[in-house]
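Only one structure is covered here, and it is reproduced in the block below.
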Amino acid sequence: MQKIACIFSFQESNWVSCQKIVFNLHKSYQACQDVELSHFNFPHKPGTQAGLNNLAQEIVTYAPDVLAIIDHKPHPIVLFQTLNSLYEGKKKPKIIFHLFGDFTIFYAQWEKLGLMLETYQVEFVVASERQKILIDKMFLNNSCTICPFPVDPKDFYPDQELRNRQRNDWKLTDNDVAFLFTGRLSRQKRIKTLITSFASEFKNDSRAHLFLYGIQDNIGDLFLGIADLEGEYFRVFYNAFKALPLDIQARIHFMGHVPNSQLLKVYQGADVFMNLSVHNDEDYGMSVAEAQFVGLSVGLTDWGGLASFHHPALAQSTSFIPVRIGKRSKQVSTTAAKKTMRYFYLNPQTNNRDAMASAANQKFGLSRATKIIEELLRRNSPTFKGFTPLFKRAALASQMNPSGQMYLNSDFTLNQLYRDIYSSYVRNP
């Protein structure tokens with residue numbers, strides 16, 4: 001029986017999606033056969049060095065066969081700077097890193113950690129096919145394993161009674177078509193593009209509605225040299241909304257934030273889930289996975305991890321909107337976005353909801369993640385050999401430009417480094 005030390009923060013992340021990811025990854029490890037699992041609290045704010053020393057000592061004393069790092073912060077270098085010295089002269093565990101989309105923000109930290117990993121067996125685990133392509137370009141001999149961030153089918157599933165209640169709350173008839181977005185109302189998620197595309201396509205279709213759940217943020221897009229002021233992007237998309245005719249405004253609904261416990265009912269009421277994100281950290285898409293577990297059709301940008309949500313047997317329930325890396329930004333095809341919405345408006349997939357939920361469970365469910373993790377635990381994993389020249393270029397660039405604009409030329413166009421890395425996130429770079 002293998003001893004597994006599962007390391008994550010017991011304090012929930014500020015990012016709701018990361019809360020769910022960590023919680024469900026932990027469930028997947030708990031479900032593994034022939035393991036003894038112990039979990040250790042690695043706080044988001046690590047605190048004193050004495051506290052880190054105590055945590056590292058507890059882990060070494062437990063003598064695990066495997067260390068599984070399943071949280072997105074703090075960066076594991078903070079712990080390994082203490083932990084590594086305690087393993088001198090001792091049998092070292094295999095290490096499994098579940099990587100999140102923010103890998104490309106922390107080159108300096110990974111470079112330091114890499115120096116410590118060269119005597120360990122290491123597995124890097126990513127959530128999607130395109131993230132694997134990106135991350136595989138960074139490590140010399142470590143090919144990443146894909147383990148989708150899982151969804152618990154007990155939390156998200158089709159339910160006709162809940163659907164009826166939600167549509168009654170929204171005051172919709174059976175003939176109305178409800179498009180839905182849940183998540184951050186941010187520049188990275190292209191909320192203005194979603195609103196204006198919907199308004200343009202359905203200006204004469206009173207049965208079409210768009211519901212947006214979430215709160216706006218001020219993150220901007222530093223990779224593109226955009227640092228939003230307080231409320232700036234909200235003003236951008238809200239002004240675009242207020243410029244629309246009143247009858248269209250009446251069919252675009254800003255619903256604000258709802259707790260996770262209410263999302264199941266919200267998804268039930270919708271017909272189509274839309275996400276036009278081109279976020280640099282878009283390695284997966286928990287809201288998309290949850291929407292598919294409820295049986296919704298999805299219209300998504302063909303970018304990063306969102307491209308993983310295709311089910312060949314249910315192609316009519318998924319549609320992907322082309323993205324290209326332009327001179328100054330990532331460009332979403334608004335023509336294709338409108339075409340996608342029109343298709344689902346004319347071809348509602350209400351009869352496929354159970355089939356989509358079943359397909360999503362097979363691909364993204366807890367049991368699938370557990371099976372992949374069990375294979376990782378059994379595998380004779382490679383010893384870490386270091387980083388590629390591309391990674392070293394990126395690490396040097398981040399060191400020289402810590403402001404976040406390492407991917408920009410002097411005229412604020414996207415540089416070759418950005419294209420070499422993020423070409424992995426588009427279909428036809």
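Each chain of the structure tokens is named A, B, ... in the order shown, its residues numbered from 1; ligands are numbered from 1 in display order.
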
Worksheet item: Residues at most 12 Å from A:Leu396, counting only C-alpha atoms, excluding those fewer than 4 positions away in the same chain, as a PyMOL selection string?
Response: chain A and resi 106-109+111+389-392+400-402+406-407+417

Since we have the selection now, will you write its residues out, keeping C-alpha atoms, as a compact mmCIF listing (two decimals), in the first residue's frame?
# COMPACT_ATOMS: atom_id res chain seq x y z
CA PHE A 106 5.84 31.86 -12.37
CA TYR A 107 8.88 31.08 -14.53
CA ALA A 108 11.35 32.38 -11.92
CA GLN A 109 9.88 30.19 -9.18
CA GLU A 111 13.43 27.73 -12.41
CA PRO A 389 15.68 26.58 -24.19
CA LEU A 390 12.15 27.99 -24.67
CA PHE A 391 11.54 27.90 -20.92
CA LYS A 392 14.89 29.57 -20.29
CA MET A 400 14.04 41.40 -17.09
CA ASN A 401 10.43 42.60 -17.17
CA PRO A 402 8.64 41.68 -13.92
CA MET A 406 7.40 40.38 -21.07
CA TYR A 407 5.44 39.41 -24.17
CA LEU A 417 8.16 34.71 -27.40

Quick one: which stretch 124-179 of chain A residues come within 7 Å of stretch 355-364 of chain A, and what is the nearest atom pair for each with the distance in Å to one decimal, counting only C-alpha atoms, rows ordered by chain and ascending number, as CSV?
residue,atom,partner,partner_atom,distance
A:Pro148,CA,A:Phe364,CA,5.8
A:Phe149,CA,A:Phe364,CA,6.9
A:Pro150,CA,A:Phe364,CA,5.1
A:Val151,CA,A:Phe364,CA,6.2
A:Pro153,CA,A:Asn361,CA,6.8
A:Tyr157,CA,A:Ala357,CA,6.6

For the selection just defined, write its residues with N, CA and C atoms to a file, as a PDB file, in the first residue's frame.
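Ended up saving to result.pdb:
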ATOM      1  N   PRO A 148      -8.157  15.657 -16.503  1.00  0.00           N
ATOM      2  CA  PRO A 148      -9.095  16.782 -16.426  1.00  0.00           C
ATOM      3  C   PRO A 148      -9.474  17.090 -14.983  1.00  0.00           C
ATOM      4  N   PHE A 149      -9.618  18.376 -14.684  1.00  0.00           N
ATOM      5  CA  PHE A 149     -10.119  18.747 -13.362  1.00  0.00           C
ATOM      6  C   PHE A 149     -11.533  18.179 -13.232  1.00  0.00           C
ATOM      7  N   PRO A 150     -11.764  17.331 -12.232  1.00  0.00           N
ATOM      8  CA  PRO A 150     -13.011  16.556 -12.229  1.00  0.00           C
ATOM      9  C   PRO A 150     -14.209  17.310 -11.678  1.00  0.00           C
ATOM     10  N   VAL A 151     -15.379  16.839 -12.081  1.00  0.00           N
ATOM     11  CA  VAL A 151     -16.664  17.298 -11.555  1.00  0.00           C
ATOM     12  C   VAL A 151     -17.322  16.110 -10.869  1.00  0.00           C
ATOM     13  N   PRO A 153     -20.467  14.082 -10.149  1.00  0.00           N
ATOM     14  CA  PRO A 153     -21.814  13.957 -10.726  1.00  0.00           C
ATOM     15  C   PRO A 153     -22.927  14.071  -9.688  1.00  0.00           C
ATOM     16  N   TYR A 157     -26.068  17.608 -12.547  1.00  0.00           N
ATOM     17  CA  TYR A 157     -26.793  16.561 -13.262  1.00  0.00           C
ATOM     18  C   TYR A 157     -28.079  17.181 -13.828  1.00  0.00           C
TER      19      TYR A 157
END

Please report as a Markdown table every residue of stretch 273-364 of chain A lying within 12 Å of stretch 188-194 of chain A, along with the nearest atom pair and their distance in Å (one decimal), using only C-alpha atoms.
| residue | atom | partner | partner_atom | distance |
| --- | --- | --- | --- | --- |
| A:Phe273 | CA | A:Leu194 | CA | 11.5 |
| A:Met274 | CA | A:Leu194 | CA | 8.1 |
| A:Asn275 | CA | A:Lys189 | CA | 7.2 |
| A:Leu276 | CA | A:Arg190 | CA | 5.8 |
| A:Ser277 | CA | A:Lys189 | CA | 3.9 |
| A:Val278 | CA | A:Gln188 | CA | 5.9 |
| A:His279 | CA | A:Gln188 | CA | 4.8 |
| A:Asn280 | CA | A:Gln188 | CA | 7.9 |
| A:Asp281 | CA | A:Gln188 | CA | 9.5 |
| A:Glu282 | CA | A:Gln188 | CA | 9.5 |
| A:Gly285 | CA | A:Lys189 | CA | 11.5 |
| A:Gly299 | CA | A:Leu194 | CA | 10.9 |
| A:Leu300 | CA | A:Leu194 | CA | 10.8 |
| A:Thr301 | CA | A:Lys189 | CA | 10.0 |
| A:Trp303 | CA | A:Lys189 | CA | 11.4 |
| A:Ile321 | CA | A:Leu194 | CA | 11.8 |
| A:Ser329 | CA | A:Gln188 | CA | 10.8 |
| A:Lys330 | CA | A:Gln188 | CA | 9.9 |
| A:Gln331 | CA | A:Arg190 | CA | 10.1 |
| A:Val332 | CA | A:Thr193 | CA | 8.5 |
| A:Ser333 | CA | A:Thr193 | CA | 9.7 |
| A:Thr334 | CA | A:Thr193 | CA | 7.4 |
| A:Thr335 | CA | A:Thr193 | CA | 10.9 |
| A:Ala336 | CA | A:Leu194 | CA | 11.6 |
| A:Ala337 | CA | A:Leu194 | CA | 8.0 |
| A:Lys338 | CA | A:Leu194 | CA | 9.0 |
| A:Thr340 | CA | A:Leu194 | CA | 11.6 |
| A:Met341 | CA | A:Leu194 | CA | 10.2 |

Give me, as a tab-separated table (two decimals) with N, CA and C atoms, in the first residue's frame, all polymer residues having an atom no more than 10 Å from A:Gln49, counting only C-alpha atoms and skipping those fewer than 4 positions away in the same chain.
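File part.tsv, as written:
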chain	number	residue	atom	x	y	z
A	53	ASN	N	8.87	25.13	8.54
A	53	ASN	CA	9.74	24.06	9.05
A	53	ASN	C	8.92	22.94	9.68
A	54	ASN	N	7.90	23.32	10.46
A	54	ASN	CA	7.05	22.32	11.11
A	54	ASN	C	6.29	21.49	10.07
A	55	LEU	N	5.76	22.18	9.04
A	55	LEU	CA	5.03	21.47	8.00
A	55	LEU	C	5.95	20.49	7.27
A	78	VAL	N	8.12	27.55	-2.18
A	78	VAL	CA	8.10	28.05	-0.80
A	78	VAL	C	8.29	26.90	0.18
A	79	LEU	N	7.67	25.76	-0.09
A	79	LEU	CA	7.79	24.60	0.78
A	79	LEU	C	9.07	23.82	0.51
A	82	THR	N	12.51	24.39	2.14
A	82	THR	CA	12.71	23.78	3.46
A	82	THR	C	12.69	22.26	3.36

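For the pair atom CA of A:Pro74 and atom CA of A:Ser128, the separation is 22.0 Å.
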
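Neighbouring residues of stretch 251-256 of chain A at 9 Å or closer, counting only C-alpha atoms and skipping chain neighbours under 2 positions away, are Ile195, Phe198, Ala199, Ser206, Arg207, Ala208, His209, Leu210, Phe211, Leu212, Tyr213, Gly214, Ile215, Gln216, Phe241, Leu246, Asp247, Ile248, Gln249 and Val258 of chain A.
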
Practice prompt. Would you mind listing what lies within 12 Å of A:Lys90 as an NGL selection string, with only C-alpha atoms counted and same-chain residues fewer than 3 positions away left out?
Written response: :A and (60-61 or 63-65 or 83-87 or 93 or 119-120)

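Closest approach to A:Ser9 among A:Tyr418, A:Phe181, A:Phe320, A:Phe40: A:Phe40, based on only C-alpha atoms.
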
Item to complete: With a distance cut-off of 8 Å and only C-alpha atoms, select the neighbouring residues of stretch 263-272 of chain A, excluding the residue or stretch itself and same-chain residues fewer than 3 positions from it, and output the selection as an NGL selection string.
Response: :A and (155-160 or 162-167 or 177-180 or 258-260 or 291 or 294 or 296-299 or 344 or 348-350)

Atoms kept (N, CA and C atoms) for selection, written as a tab-separated table (two decimals), in the first residue's frame:
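Okay, part_27.tsv is ready:
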chain	number	residue	atom	x	y	z
A	155	ASP	N	-23.02	16.59	-7.75
A	155	ASP	CA	-23.22	18.04	-7.65
A	155	ASP	C	-23.92	18.63	-8.87
A	156	PHE	N	-23.67	18.05	-10.05
A	156	PHE	CA	-24.22	18.60	-11.30
A	156	PHE	C	-24.79	17.47	-12.16
A	157	TYR	N	-26.07	17.61	-12.55
A	157	TYR	CA	-26.79	16.56	-13.26
A	157	TYR	C	-28.08	17.18	-13.83
A	158	PRO	N	-28.67	16.57	-14.87
A	158	PRO	CA	-29.93	17.09	-15.41
A	158	PRO	C	-31.08	16.86	-14.42
A	159	ASP	N	-31.96	17.85	-14.33
A	159	ASP	CA	-33.11	17.74	-13.43
A	159	ASP	C	-34.24	18.59	-14.01
A	160	GLN	N	-35.24	17.96	-14.55
A	160	GLN	CA	-36.32	18.69	-15.23
A	160	GLN	C	-37.10	19.57	-14.26
A	162	LEU	N	-35.97	21.10	-11.54
A	162	LEU	CA	-35.19	22.31	-11.30
A	162	LEU	C	-35.22	23.23	-12.52
A	163	ARG	N	-35.19	22.63	-13.70
A	163	ARG	CA	-35.26	23.44	-14.93
A	163	ARG	C	-36.57	24.23	-14.97
A	164	ASN	N	-37.65	23.58	-14.67
A	164	ASN	CA	-38.95	24.27	-14.69
A	164	ASN	C	-38.97	25.41	-13.68
A	165	ARG	N	-38.42	25.17	-12.51
A	165	ARG	CA	-38.42	26.21	-11.46
A	165	ARG	C	-37.56	27.40	-11.87
A	166	GLN	N	-36.38	27.12	-12.46
A	166	GLN	CA	-35.51	28.22	-12.84
A	166	GLN	C	-36.11	29.04	-13.98
A	167	ARG	N	-36.69	28.38	-14.94
A	167	ARG	CA	-37.29	29.12	-16.06
A	167	ARG	C	-38.52	29.90	-15.60
A	177	VAL	N	-35.38	30.75	-25.67
A	177	VAL	CA	-34.06	30.14	-25.70
A	177	VAL	C	-33.14	30.97	-24.81
A	178	ALA	N	-32.57	30.34	-23.79
A	178	ALA	CA	-31.75	31.03	-22.80
A	178	ALA	C	-30.27	30.71	-23.01
A	179	PHE	N	-29.47	31.73	-23.34
A	179	PHE	CA	-28.03	31.62	-23.40
A	179	PHE	C	-27.47	32.05	-22.04
A	180	LEU	N	-26.41	31.37	-21.60
A	180	LEU	CA	-25.90	31.58	-20.24
A	180	LEU	C	-24.39	31.73	-20.25
A	258	VAL	N	-23.86	34.46	-7.61
A	258	VAL	CA	-24.65	33.50	-6.83
A	258	VAL	C	-23.69	32.49	-6.22
A	259	PRO	N	-23.98	31.97	-5.04
A	259	PRO	CA	-23.10	30.94	-4.44
A	259	PRO	C	-23.12	29.67	-5.27
A	260	ASN	N	-22.07	28.89	-5.12
A	260	ASN	CA	-21.93	27.66	-5.90
A	260	ASN	C	-23.13	26.73	-5.72
A	291	ALA	N	-21.55	22.82	-16.89
A	291	ALA	CA	-22.68	23.01	-17.81
A	291	ALA	C	-22.94	21.73	-18.60
A	294	VAL	N	-24.76	19.09	-16.69
A	294	VAL	CA	-26.19	19.34	-16.62
A	294	VAL	C	-26.86	19.06	-17.97
A	296	LEU	N	-26.07	20.83	-21.01
A	296	LEU	CA	-26.20	21.98	-21.90
A	296	LEU	C	-25.34	21.84	-23.15
A	297	SER	N	-25.83	22.41	-24.26
A	297	SER	CA	-24.99	22.66	-25.41
A	297	SER	C	-24.02	23.77	-25.04
A	298	VAL	N	-22.85	23.80	-25.70
A	298	VAL	CA	-21.86	24.83	-25.38
A	298	VAL	C	-21.31	25.44	-26.66
A	299	GLY	N	-21.16	26.77	-26.62
A	299	GLY	CA	-20.49	27.53	-27.67
A	299	GLY	C	-19.26	28.17	-27.07
A	344	PHE	N	-27.71	27.22	-32.41
A	344	PHE	CA	-28.34	26.63	-31.23
A	344	PHE	C	-29.75	27.20	-31.00
A	348	PRO	N	-32.35	23.66	-30.90
A	348	PRO	CA	-32.17	23.36	-29.47
A	348	PRO	C	-31.93	21.88	-29.24
A	349	GLN	N	-30.97	21.59	-28.37
A	349	GLN	CA	-30.57	20.20	-28.14
A	349	GLN	C	-31.18	19.64	-26.85
A	350	THR	N	-32.43	20.01	-26.59
A	350	THR	CA	-33.06	19.60	-25.33
A	350	THR	C	-33.16	18.08	-25.20

Fill in: Picked from stretch 313-348 of chain A by DSSP as strand (DSSP E), as a list in words
Thr318, Ser319, Phe320, Ile321, Val323, Arg324, Ile325, Lys330, Gln331 and Val332 of chain A

Response to the item:
Using only C-alpha atoms, the shortest atom-to-atom distance to A:Ile95 among A:Cys32, A:Ile7, A:Cys18, A:Leu172 belongs to A:Ile7
